[in-house]
>>> print(open('upload.txt').read())   # compact mmCIF, C-alpha atoms
# COMPACT_ATOMS: atom_id res chain seq x y z
CA MET A 1 92.11 -103.17 66.15
CA SER A 2 90.94 -101.68 69.43
CA ILE A 3 88.59 -103.70 71.57
CA PHE A 4 86.18 -100.75 71.55
CA GLU A 5 85.86 -101.16 67.78
CA TYR A 6 85.08 -104.87 67.83
CA ASN A 7 81.30 -104.58 67.63
CA GLY A 8 80.83 -101.03 66.30
CA SER A 9 78.34 -98.55 67.73
CA ALA A 10 77.03 -95.00 67.55
CA LEU A 11 75.26 -93.28 70.43
CA VAL A 12 74.16 -89.70 70.88
CA ALA A 13 71.93 -87.76 73.30
CA MET A 14 70.77 -84.19 72.85
CA VAL A 15 69.00 -81.65 75.05
CA GLY A 16 65.92 -79.71 73.96
CA LYS A 17 63.41 -77.46 75.67
CA ASN A 18 62.16 -79.44 78.71
CA CYS A 19 62.85 -82.60 76.74
CA PHE A 20 65.73 -84.74 75.57
CA ALA A 21 66.37 -87.27 72.82
CA ILE A 22 68.70 -90.26 72.77
CA ALA A 23 69.55 -92.18 69.61
CA SER A 24 71.70 -95.12 68.56
CA ASP A 25 72.51 -97.12 65.46
CA ARG A 26 71.24 -100.69 64.98
CA ARG A 27 74.28 -102.62 63.73
CA LEU A 28 75.89 -105.39 65.70
CA GLY A 29 79.04 -106.64 64.00
CA VAL A 30 81.97 -108.94 64.66
CA GLN A 31 84.76 -106.86 63.13
CA LEU A 32 83.94 -106.68 59.44
CA GLN A 33 80.96 -109.05 59.47
CA THR A 34 77.47 -107.72 60.25
CA ILE A 35 75.65 -110.10 62.58
CA ALA A 36 72.45 -108.22 63.45
CA THR A 37 70.67 -105.14 62.09
CA ASP A 38 68.21 -104.65 64.95
CA PHE A 39 70.46 -104.46 67.99
CA GLN A 40 69.10 -102.42 70.90
CA ARG A 41 71.71 -100.25 72.55
CA ILE A 42 69.42 -98.00 74.53
CA SER A 43 67.31 -99.21 77.44
CA LYS A 44 64.83 -97.60 79.75
CA VAL A 45 65.77 -97.43 83.42
CA HIS A 46 62.47 -95.77 84.29
CA ASP A 47 60.01 -93.51 82.46
CA ARG A 48 62.27 -90.48 82.79
CA LEU A 49 65.73 -92.08 82.52
CA PHE A 50 67.42 -93.88 79.64
CA ILE A 51 70.87 -95.35 79.28
CA GLY A 52 72.71 -96.29 76.11
CA LEU A 53 75.83 -98.43 76.18
CA SER A 54 78.35 -98.35 73.35
CA GLY A 55 81.49 -100.42 72.94
CA LEU A 56 81.96 -104.15 73.44
CA ALA A 57 78.48 -105.71 73.30
CA THR A 58 79.08 -108.39 75.92
CA ASP A 59 80.28 -105.83 78.45
CA ALA A 60 77.36 -103.59 77.53
CA GLN A 61 74.92 -106.42 78.24
CA THR A 62 76.51 -107.35 81.57
CA LEU A 63 76.81 -103.75 82.70
CA HIS A 64 73.19 -103.22 81.75
CA GLN A 65 72.10 -106.22 83.83
CA ARG A 66 74.09 -104.97 86.85
CA LEU A 67 72.63 -101.48 86.55
CA MET A 68 69.06 -102.76 86.29
CA PHE A 69 69.70 -104.92 89.36
CA ARG A 70 70.97 -101.97 91.37
CA HIS A 71 68.15 -99.72 90.25
CA LYS A 72 65.43 -102.25 91.05
CA LEU A 73 66.83 -102.71 94.57
CA TYR A 74 67.01 -98.94 94.98
CA GLN A 75 63.38 -98.63 93.92
CA LEU A 76 62.32 -101.30 96.42
CA ARG A 77 64.31 -99.85 99.31
CA GLU A 78 63.74 -96.14 98.75
CA GLU A 79 60.28 -96.39 97.18
CA ARG A 80 61.19 -93.90 94.47
CA ASP A 81 62.89 -93.76 91.07
CA MET A 82 66.53 -92.77 90.86
CA LYS A 83 67.29 -89.26 89.74
CA PRO A 84 69.43 -89.06 86.58
CA GLU A 85 72.31 -87.40 88.48
CA THR A 86 72.26 -90.14 91.10
CA PHE A 87 72.19 -92.83 88.42
CA ALA A 88 75.14 -91.23 86.66
CA SER A 89 77.10 -91.30 89.93
CA LEU A 90 76.19 -94.96 90.35
CA VAL A 91 77.37 -95.81 86.82
CA SER A 92 80.61 -93.94 87.47
CA ALA A 93 81.18 -95.83 90.74
CA LEU A 94 80.45 -99.24 89.17
CA LEU A 95 82.84 -98.57 86.30
CA TYR A 96 85.65 -97.41 88.58
CA GLU A 97 85.32 -100.56 90.69
CA LYS A 98 86.84 -102.30 87.67
CA ARG A 99 89.61 -99.74 87.23
CA PHE A 100 92.32 -102.29 86.45
CA GLY A 101 90.19 -104.66 84.37
CA PRO A 102 87.49 -102.38 82.98
CA TYR A 103 84.23 -102.82 81.15
CA PHE A 104 84.94 -101.84 77.54
CA CYS A 105 81.87 -99.64 77.35
CA GLN A 106 81.10 -96.00 77.08
CA PRO A 107 77.67 -95.25 78.53
CA VAL A 108 75.43 -92.33 77.62
CA ILE A 109 72.89 -91.41 80.27
CA ALA A 110 69.92 -89.16 79.54
CA GLY A 111 67.03 -88.26 81.82
CA LEU A 112 64.62 -85.67 83.12
CA SER A 113 65.70 -84.31 86.46
CA ASP A 114 63.76 -82.34 89.11
CA GLY A 115 61.61 -79.64 87.57
CA ASP A 116 61.58 -81.51 84.24
CA LYS A 117 65.05 -80.25 83.45
CA PRO A 118 66.81 -82.50 80.89
CA PHE A 119 70.08 -84.09 82.04
CA ILE A 120 72.61 -85.78 79.79
CA CYS A 121 76.00 -87.20 80.59
CA THR A 122 78.56 -89.66 79.29
CA THR A 123 81.45 -91.39 81.02
CA ASP A 124 84.58 -93.02 79.74
CA SER A 125 85.17 -96.71 80.33
CA ILE A 126 86.50 -96.18 83.85
CA GLY A 127 83.85 -93.81 85.09
CA ALA A 128 85.01 -90.24 84.44
CA LYS A 129 81.76 -88.28 84.11
CA GLU A 130 81.35 -85.72 81.40
CA LEU A 131 78.28 -83.51 81.83
CA ALA A 132 77.12 -81.39 78.94
CA LYS A 133 74.44 -78.83 78.34
CA ASP A 134 73.91 -79.59 74.66
CA PHE A 135 74.85 -83.07 73.46
CA VAL A 136 77.01 -86.09 74.28
CA VAL A 137 78.29 -88.76 71.90
CA ALA A 138 79.85 -92.20 72.17
CA GLY A 139 80.89 -95.11 69.99
CA THR A 140 83.00 -95.76 66.89
CA ALA A 141 81.14 -92.99 65.05
CA GLY A 142 81.88 -90.59 67.92
CA ASP A 143 84.15 -88.24 66.00
CA SER A 144 81.70 -87.77 63.12
CA LEU A 145 78.88 -87.39 65.63
CA TYR A 146 80.74 -84.53 67.32
CA GLY A 147 81.02 -82.74 63.99
CA ALA A 148 77.42 -83.32 62.92
CA CYS A 149 75.95 -82.34 66.31
CA GLU A 150 78.09 -79.24 66.61
CA ALA A 151 76.89 -78.11 63.20
CA MET A 152 73.21 -78.93 63.64
CA PHE A 153 72.56 -78.20 67.33
CA LYS A 154 70.44 -75.24 68.45
CA PRO A 155 69.49 -74.58 72.07
CA ASP A 156 65.86 -74.91 73.28
CA MET A 157 64.50 -77.02 70.45
CA GLU A 158 60.94 -78.34 70.71
CA PRO A 159 60.52 -82.15 70.64
CA GLU A 160 59.62 -82.32 66.93
CA GLU A 161 62.57 -80.21 65.85
CA LEU A 162 64.87 -82.09 68.23
CA PHE A 163 63.77 -85.37 66.68
CA GLU A 164 64.56 -84.12 63.17
CA THR A 165 67.92 -82.65 64.18
CA LEU A 166 69.10 -85.69 66.08
CA SER A 167 67.97 -88.15 63.38
CA GLN A 168 69.79 -86.20 60.68
CA ALA A 169 72.92 -85.92 62.83
CA LEU A 170 72.95 -89.64 63.57
CA LEU A 171 72.31 -90.81 60.00
CA ALA A 172 74.89 -88.44 58.57
CA SER A 173 77.53 -89.57 61.07
CA VAL A 174 77.07 -93.32 60.73
CA ASP A 175 77.45 -92.99 56.95
CA ARG A 176 81.07 -92.01 57.55
CA ASP A 177 81.73 -94.99 59.84
CA CYS A 178 81.86 -98.47 58.38
CA LEU A 179 81.28 -100.19 61.73
CA SER A 180 77.96 -98.53 62.62
CA GLY A 181 74.75 -97.85 60.78
CA TRP A 182 71.95 -100.03 59.34
CA GLY A 183 69.33 -97.54 60.53
CA GLY A 184 68.72 -95.97 63.91
CA HIS A 185 66.65 -96.05 67.10
CA ILE A 186 65.58 -92.76 68.61
CA TYR A 187 63.69 -91.94 71.80
CA VAL A 188 62.31 -88.44 72.37
CA VAL A 189 61.29 -87.94 75.99
CA THR A 190 59.12 -85.13 77.34
CA PRO A 191 57.60 -84.88 80.84
CA THR A 192 54.36 -86.35 79.52
CA GLU A 193 55.34 -88.98 76.97
CA VAL A 194 58.10 -91.09 75.47
CA LYS A 195 58.19 -91.34 71.68
CA GLU A 196 60.16 -94.22 70.19
CA CYS A 197 61.01 -94.35 66.47
CA THR A 198 63.06 -96.46 64.13
CA LEU A 199 64.99 -94.65 61.44
CA LYS A 200 65.66 -96.01 57.97
CA GLY A 201 69.09 -95.11 56.67
CA ARG A 202 71.64 -96.55 54.25
CA MET A 203 71.58 -100.29 54.87
CA ASP A 204 75.27 -100.79 54.64
CA MET B 205 61.34 -117.33 136.85
CA GLY B 206 61.48 -120.06 134.18
CA ASP B 207 63.25 -117.74 131.77
CA SER B 208 66.37 -117.46 133.89
CA GLN B 209 67.86 -120.69 132.58
CA TYR B 210 67.88 -119.16 129.10
CA SER B 211 69.11 -115.76 130.01
CA PHE B 212 72.81 -116.48 129.59
CA SER B 213 72.97 -117.25 125.87
CA LEU B 214 71.91 -114.45 123.61
CA THR B 215 71.22 -116.60 120.62
CA THR B 216 68.79 -118.91 122.36
CA PHE B 217 65.07 -118.28 122.57
CA SER B 218 63.44 -118.82 125.97
CA PRO B 219 60.35 -121.08 126.17
CA SER B 220 58.14 -118.01 126.27
CA GLY B 221 59.51 -116.94 122.89
CA LYS B 222 61.68 -114.10 124.12
CA LEU B 223 65.34 -113.31 123.68
CA VAL B 224 66.04 -112.52 127.29
CA GLN B 225 69.20 -110.56 126.61
CA ILE B 226 67.19 -108.06 124.62
CA GLU B 227 64.78 -107.65 127.52
CA HIS B 228 67.78 -106.95 129.76
CA ALA B 229 69.11 -104.48 127.23
CA LEU B 230 65.79 -102.66 127.31
CA THR B 231 66.06 -102.54 131.09
CA ALA B 232 69.47 -100.94 130.72
CA VAL B 233 67.87 -98.37 128.45
CA GLY B 234 65.03 -97.82 130.88
CA SER B 235 67.41 -96.90 133.65
CA GLY B 236 69.30 -94.44 131.46
CA GLN B 237 68.75 -90.68 131.52
CA THR B 238 65.55 -89.40 129.96
CA SER B 239 65.64 -88.31 126.36
CA LEU B 240 62.81 -87.27 124.06
CA GLY B 241 62.00 -86.06 120.57
CA ILE B 242 59.13 -84.12 119.02
CA LYS B 243 58.34 -83.82 115.33
CA ALA B 244 56.91 -80.42 114.44
CA SER B 245 55.31 -79.37 111.19
CA ASN B 246 58.49 -77.57 110.11
CA GLY B 247 61.24 -79.47 111.90
CA VAL B 248 62.24 -81.86 114.69
CA VAL B 249 63.61 -81.25 118.19
CA ILE B 250 65.46 -83.79 120.34
CA ALA B 251 66.55 -83.28 123.93
CA THR B 252 68.11 -85.14 126.82
CA GLU B 253 69.11 -84.73 130.43
CA LYS B 254 72.81 -84.34 130.99
CA LYS B 255 73.27 -85.31 134.64
CA LEU B 256 76.98 -85.57 135.29
CA PRO B 257 78.37 -87.71 138.13
CA SER B 258 80.16 -84.79 139.78
CA ILE B 259 80.44 -81.01 139.53
CA LEU B 260 84.11 -81.47 138.69
CA VAL B 261 83.27 -82.95 135.28
CA ASP B 262 83.82 -80.48 132.41
CA GLU B 263 80.29 -80.45 131.03
CA ALA B 264 81.33 -78.85 127.73
CA SER B 265 83.24 -82.02 126.86
CA VAL B 266 80.21 -84.26 127.23
CA GLN B 267 78.14 -84.39 124.06
CA LYS B 268 75.16 -86.70 124.26
CA ILE B 269 73.53 -85.44 121.07
CA GLN B 270 75.54 -86.10 117.90
CA SER B 271 75.03 -85.40 114.24
CA LEU B 272 75.24 -88.25 111.75
CA THR B 273 75.04 -86.12 108.61
CA PRO B 274 74.47 -82.38 108.18
CA ASN B 275 70.74 -83.04 108.13
CA ILE B 276 70.38 -85.97 110.56
CA GLY B 277 71.11 -86.09 114.30
CA VAL B 278 70.69 -88.61 117.09
CA VAL B 279 70.25 -88.80 120.87
CA TYR B 280 70.17 -91.86 123.11
CA SER B 281 69.17 -93.33 126.44
CA GLY B 282 71.33 -96.06 127.92
CA MET B 283 75.04 -96.82 127.73
CA GLY B 284 77.17 -93.98 126.40
CA PRO B 285 80.03 -96.09 124.99
CA ASP B 286 77.60 -98.27 123.00
CA PHE B 287 76.13 -95.07 121.59
CA ARG B 288 79.52 -93.85 120.42
CA VAL B 289 80.15 -97.09 118.53
CA LEU B 290 76.75 -96.83 116.79
CA VAL B 291 77.32 -93.19 115.88
CA ARG B 292 80.64 -94.12 114.29
CA LYS B 293 79.11 -96.96 112.27
CA SER B 294 76.13 -94.85 111.16
CA ARG B 295 78.33 -91.97 110.05
CA LYS B 296 80.39 -94.38 107.98
CA GLN B 297 77.27 -95.85 106.36
CA ALA B 298 75.98 -92.38 105.55
CA GLU B 299 79.30 -91.45 103.94
CA GLN B 300 79.40 -94.67 101.92
CA TYR B 301 75.96 -93.88 100.53
CA HIS B 302 77.15 -90.40 99.61
CA ARG B 303 80.27 -91.74 97.94
CA LEU B 304 78.17 -94.04 95.76
CA TYR B 305 75.27 -91.77 94.86
CA LYS B 306 76.68 -88.27 95.53
CA GLU B 307 73.43 -87.64 97.35
CA GLN B 308 72.64 -87.28 101.06
CA ILE B 309 71.26 -90.47 102.53
CA PRO B 310 67.49 -90.32 103.21
CA VAL B 311 66.61 -90.55 106.92
CA THR B 312 64.68 -93.81 106.49
CA GLN B 313 67.61 -95.51 104.80
CA LEU B 314 70.09 -94.50 107.51
CA VAL B 315 67.71 -95.64 110.25
CA ARG B 316 67.18 -98.94 108.45
CA GLU B 317 70.92 -99.57 108.17
CA THR B 318 71.59 -98.61 111.80
CA ALA B 319 68.78 -100.89 112.92
CA ALA B 320 70.28 -103.68 110.80
CA VAL B 321 73.59 -103.27 112.67
CA MET B 322 71.80 -103.47 116.01
CA GLN B 323 69.95 -106.60 114.87
CA GLU B 324 73.22 -108.25 113.81
CA PHE B 325 74.36 -108.06 117.41
CA THR B 326 71.30 -110.03 118.50
CA GLN B 327 72.03 -112.91 116.17
CA SER B 328 75.77 -113.39 116.23
CA GLY B 329 78.10 -115.45 118.38
CA GLY B 330 80.09 -113.93 121.19
CA VAL B 331 78.50 -110.49 121.16
CA ARG B 332 75.86 -108.77 123.28
CA PRO B 333 73.11 -106.38 122.15
CA PHE B 334 73.69 -102.63 122.29
CA GLY B 335 72.43 -101.15 125.55
CA VAL B 336 70.96 -98.06 123.93
CA SER B 337 67.78 -96.89 122.29
CA LEU B 338 68.27 -94.14 119.73
CA LEU B 339 66.09 -91.25 118.68
CA VAL B 340 67.07 -90.22 115.16
CA ALA B 341 65.87 -86.84 113.93
CA GLY B 342 66.28 -85.70 110.35
CA TYR B 343 64.91 -83.51 107.59
CA ASP B 344 65.04 -84.69 103.97
CA ASP B 345 62.89 -84.57 100.85
CA LYS B 346 60.09 -86.35 102.71
CA GLY B 347 60.04 -83.62 105.36
CA PRO B 348 60.84 -83.78 109.09
CA GLN B 349 61.16 -87.29 110.53
CA LEU B 350 61.71 -88.81 113.97
CA TYR B 351 62.60 -92.48 114.46
CA GLN B 352 63.24 -94.57 117.55
CA VAL B 353 65.56 -97.59 117.24
CA ASP B 354 65.60 -100.24 119.99
CA PRO B 355 68.36 -102.71 121.00
CA SER B 356 66.49 -105.46 119.16
CA GLY B 357 66.86 -103.54 115.90
CA SER B 358 63.20 -102.64 115.54
CA TYR B 359 62.49 -99.07 114.56
CA PHE B 360 59.39 -96.91 114.66
CA SER B 361 58.52 -93.50 113.32
CA TRP B 362 57.10 -91.23 115.99
CA LYS B 363 55.38 -87.87 116.15
CA ALA B 364 56.75 -87.54 119.68
CA SER B 365 58.50 -90.02 121.92
CA ALA B 366 60.50 -90.36 125.11
CA MET B 367 62.92 -92.99 126.46
CA GLY B 368 64.84 -93.75 129.63
CA LYS B 369 63.82 -93.06 133.22
CA ASN B 370 60.44 -91.46 133.70
CA VAL B 371 59.35 -92.53 130.23
CA SER B 372 55.68 -93.16 131.08
CA ASN B 373 55.17 -89.75 132.68
CA ALA B 374 56.98 -88.08 129.81
CA LYS B 375 54.90 -89.88 127.19
CA THR B 376 51.63 -89.02 128.96
CA PHE B 377 52.71 -85.40 129.09
CA LEU B 378 53.60 -85.44 125.38
CA GLU B 379 50.33 -87.12 124.44
CA LYS B 380 48.40 -84.35 126.14
CA ARG B 381 50.35 -81.51 124.60
CA TYR B 382 51.07 -82.74 121.09
CA THR B 383 49.19 -81.30 118.11
CA ASP B 384 49.87 -82.14 114.47
CA ASP B 385 50.46 -78.55 113.44
CA VAL B 386 52.84 -77.60 116.24
CA GLU B 387 55.69 -75.36 115.08
CA LEU B 388 59.35 -75.93 115.88
CA GLU B 389 59.61 -73.11 118.44
CA ASP B 390 56.61 -74.42 120.37
CA ALA B 391 57.97 -77.94 120.12
CA VAL B 392 61.20 -76.80 121.83
CA HIS B 393 59.15 -75.31 124.67
CA THR B 394 57.14 -78.51 124.99
CA ALA B 395 60.36 -80.54 125.05
CA ILE B 396 61.75 -78.39 127.87
CA LEU B 397 58.54 -78.67 129.88
CA THR B 398 58.52 -82.44 129.43
CA LEU B 399 62.11 -82.70 130.67
CA LYS B 400 61.28 -80.44 133.60
CA GLU B 401 58.48 -82.80 134.69
CA GLY B 402 60.83 -85.51 135.87
CA PHE B 403 63.90 -83.40 136.51
CA GLU B 404 65.54 -83.65 139.93
CA GLY B 405 67.14 -80.38 140.86
CA GLN B 406 67.41 -77.08 139.06
CA ILE B 407 67.18 -77.27 135.27
CA SER B 408 69.64 -75.06 133.34
CA GLY B 409 71.47 -74.80 130.04
CA LYS B 410 74.32 -76.82 131.50
CA ASN B 411 72.44 -79.96 132.54
CA ILE B 412 70.25 -80.52 129.49
CA GLU B 413 71.11 -80.81 125.80
CA ILE B 414 68.74 -79.75 123.01
CA ALA B 415 69.14 -79.94 119.23
CA THR B 416 66.86 -78.90 116.40
CA ILE B 417 66.62 -79.33 112.67
CA GLY B 418 64.38 -77.00 110.70
CA GLU B 419 63.48 -76.30 107.12
CA ASP B 420 67.04 -75.19 106.44
CA ARG B 421 67.92 -78.91 106.88
CA LYS B 422 70.86 -78.12 109.14
CA PHE B 423 71.14 -80.12 112.34
CA LYS B 424 72.08 -77.77 115.14
CA VAL B 425 72.92 -78.47 118.77
CA LEU B 426 71.91 -75.48 120.88
CA THR B 427 74.53 -73.78 123.03
CA PRO B 428 73.96 -73.54 126.81
CA ALA B 429 73.27 -69.82 126.35
CA GLU B 430 70.55 -70.52 123.77
CA ILE B 431 69.01 -73.15 126.06
CA ASP B 432 68.97 -70.65 128.92
CA ASP B 433 67.08 -68.21 126.64
CA TYR B 434 64.44 -70.85 125.92
CA LEU B 435 64.25 -71.68 129.63
CA ALA B 436 63.61 -68.04 130.41
CA GLU B 437 60.81 -67.98 127.81
CA VAL B 438 59.25 -71.04 129.40
CA GLU B 439 59.19 -69.54 132.91
>>> encode(input="upload.txt", output="C-alpha cells")
Amino acid sequence: MSIFEYNGSALVAMVGKNCFAIASDRRLGVQLQTIATDFQRISKVHDRLFIGLSGLATDAQTLHQRLMFRHKLYQLREERDMKPETFASLVSALLYEKRFGPYFCQPVIAGLSDGDKPFICTTDSIGAKELAKDFVVAGTAGDSLYGACEAMFKPDMEPEELFETLSQALLASVDRDCLSGWGGHIYVVTPTEVKECTLKGRMD
Amino acid sequence: MGDSQYSFSLTTFSPSGKLVQIEHALTAVGSGQTSLGIKASNGVVIATEKKLPSILVDEASVQKIQSLTPNIGVVYSGMGPDFRVLVRKSRKQAEQYHRLYKEQIPVTQLVRETAAVMQEFTQSGGVRPFGVSLLVAGYDDKGPQLYQVDPSGSYFSWKASAMGKNVSNAKTFLEKRYTDDVELEDAVHTAILTLKEGFEGQISGKNIEIATIGEDRKFKVLTPAEIDDYLAEVE
C-alpha cells in the first residue's frame, strides 16, 4: 500500500464568483481501521487564505506547523498578510527543500487575491504547482473527485450555489473511496465573511 | 582624548558608551563625495557628485549609482569598494527573496537586511565596519520610499537627505525647498540645485550622476545627455 494511502483523505477547492470554497472529509484512519471521525484537514492561514493538507497525517501536521511559523514571521516583518500566490510559492519552495526525502502530503491552497479574485492551487508532494481556474482536488478520493467536480462545476457560481455544488461533489466522491468519508468540512469564503459548515454523509 | 585607548578594538565599548570605530567610519563617510536623495509625491530621485581623480579616467566606466532590483536603487558616500561589496550582498538577498516568494522584495525588507549585514560587521571578530552610508530609493506597493543606512546598521526613512562633504549646507538647502507635494520633475531640479551649492568647478552631465524611479516602478540612471538637458532647464 502506498504511503499516501495510509491515513486516507479527500480535499477539494472550487472557484465561484468573487468567492471560493474548500472542503475536506473528516476520517482519520490507520489503513483499514478508522481512528477519528472529526479530523481537521483544512486550516486558516489568515481571513482570506486557507490551506488543506492531504496525505500522511503526521507530515501534514508538521508541514502545517512550519507554514504557520513562516507566515507569522512574515506578518511580523512585513506588517501585512501573505497573498495567496506568494503563499503557494512558499509552500512549493518548502516542499522542494525535501526533494530527496519528501513530505508525503499534497496541499490544496485557496485564497482571495488582490481585487477579491479567488485563487486556488495544488502542488504535488515535491512542490510542483498546479494552478486552476475551476477546481483542484487531492487525496485518496482524488480520482472520483475529478469526475464529480468536472460533472457538477459551473463557472461564476454564487456562494450558496457553490456550497451546494461542492458539498454534493465531495459526498458523492468519498462514497466511492473506502479510506475517506465520515462526513465533511466545508468553508465558503467571500470578501466579507467566512462560512464554515459540517456535512453529514454516510458514516462508513 | 580618553576614548583613544579604546579605539583599536571594534568590539569594545569606550567608557563614554561609544563604539569608536563606528565614529571613525562616519568620519570616512563625511569626507566622501556629496550624495543626496529626495522623495517626491510620485517617485524618488537620488544624485551624487562624480569627481574623478584625473581627466584621463574614463568617466563612463565609473558608476556610483547602482540598481539592486528593477524597482530599487542605491547611491553612497564614502569608500567605493565597500559599496560594491554591499551592493553585491543586497542584490543576492533580493534575489533570494524572489526565489522563495516569486515576488519583488519590498523596499523596507531589503533595507532591513542590508542594515543587518552592516551591523554584523560591527559585532564580529577581525572585521571592520563598512565605510559607507547608503541612500536606498525604491518604489513598491507602499509608494515611493527613501532610506539612509549608516555604517552602524541603523536606518532611517527620509523625505530628503544628504550625506558626505557639505552635508549641513545641503540639508539646510533641502529643508528650505522641500514640500510634501513636490513632483518628481521638480525634485530632480531641486537635487541639481542642491548639488550645485557645494560644487567646486563647472557642473555638467559628466561629473554628476542622477537616477530616478517613478510610478512606472523602473529604476533608471539618467544618461549624461539627459542630465545636461535638466541642467539647461535649471539655468
>>> atom_distance(input="upload.txt", atom1="atom CA of Ile431 of chain B", atom2="atom CA of Ser408 of chain B")
7.6 Å
>>> closest_atom_pairs(input="upload.txt", of="chain A", to="chain B", cutoff="8 Å", atoms="only C-alpha atoms", output="tab-separated table")
residue	atom	partner	partner_atom	distance
A:Arg77	CA	B:Gln313	CA	7.7
A:Glu78	CA	B:Gln313	CA	7.2
A:Thr86	CA	B:Tyr305	CA	5.1
A:Phe87	CA	B:Tyr305	CA	7.2
A:Ser89	CA	B:Tyr305	CA	5.3
A:Leu90	CA	B:Tyr305	CA	5.6
A:Ala93	CA	B:Leu304	CA	6.1
>>> closest_residue(input="upload.txt", among="B:Ala415, B:Ile276, B:Ala429, B:Leu230", to="Ala341 of chain B", atoms="only C-alpha atoms")
B:Ile276
>>> closest_residue(input="upload.txt", among="B:Ala364, B:Ile396, B:Leu290, B:Val248", to="Gln352 of chain B", atoms="all atoms listed in the file")
B:Ala364
>>> residues_around(input="upload.txt", residues="Val249 of chain B", least_positions_apart="6", cutoff="7 Å", atoms="all atoms listed in the file", output="NGL selection string")
:B and (241-243 or 391-392 or 415-417)
>>> residues_around(input="upload.txt", residues="Ala436 of chain B", least_positions_apart="2", cutoff="12 Å", atoms="all atoms listed in the file", output="NGL selection string")
:B and (393 or 396-397 or 407-409 or 429-434 or 438-439)
>>> closest_residue(input="upload.txt", among="B:Leu223, B:Val331, B:Ala244, B:Ala251", to="Val386 of chain B", atoms="all atoms listed in the file")
B:Ala244
>>> residues_around(input="upload.txt", residues="segment 159-174 of chain A", least_positions_apart="4", cutoff="7 Å", atoms="only C-alpha atoms", output="PyMOL selection string")
chain A and resi 16+19+21+141+144-145+148-149+152+180-181+188+201
>>> closest_residue(input="upload.txt", among="A:Val45, A:Ile109, A:Ala36, A:Leu53", to="Ala10 of chain A", atoms="only C-alpha atoms")
A:Leu53
>>> residues_around(input="upload.txt", residues="Ser9 of chain A", least_positions_apart="2", cutoff="8 Å", atoms="all atoms listed in the file", output="list in words")
Glu5, Asn7, Leu11, Ser24, Asp25, Arg26, Arg27, Leu28, Ser54, Gly55, Ala138, Gly139, Thr140, Ala141, Leu179, Ser180 and Gly181 of chain A
>>> residues_around(input="upload.txt", residues="Ser337 of chain B", least_positions_apart="2", cutoff="9 Å", atoms="all atoms listed in the file", output="CSV table (one decimal) with C-alpha atoms, keeping the file's coordinate frame")
chain,number,residue,atom,x,y,z
B,230,LEU,CA,65.8,-102.7,127.3
B,233,VAL,CA,67.9,-98.4,128.4
B,279,VAL,CA,70.2,-88.8,120.9
B,280,TYR,CA,70.2,-91.9,123.1
B,281,SER,CA,69.2,-93.3,126.4
B,282,GLY,CA,71.3,-96.1,127.9
B,287,PHE,CA,76.1,-95.1,121.6
B,334,PHE,CA,73.7,-102.6,122.3
B,335,GLY,CA,72.4,-101.2,125.6
B,339,LEU,CA,66.1,-91.2,118.7
B,352,GLN,CA,63.2,-94.6,117.6
B,353,VAL,CA,65.6,-97.6,117.2
B,354,ASP,CA,65.6,-100.2,120.0
B,355,PRO,CA,68.4,-102.7,121.0
B,367,MET,CA,62.9,-93.0,126.5
B,368,GLY,CA,64.8,-93.8,129.6
>>> atom_distance(input="upload.txt", atom1="atom CA of Val278 of chain B", atom2="atom CA of Ile250 of chain B")
7.8 Å
>>> atom_distance(input="upload.txt", atom1="atom CA of Arg288 of chain B", atom2="atom CA of Leu388 of chain B")
27.4 Å
>>> closest_residue(input="upload.txt", among="B:Gly234, B:Gly418, B:Glu317, B:Lys296", to="Asn246 of chain B", atoms="all atoms listed in the file")
B:Gly418
>>> closest_residue(input="upload.txt", among="A:Phe104, A:Asp175, A:Phe153, A:Ile51", to="Gln65 of chain A", atoms="only C-alpha atoms")
A:Ile51
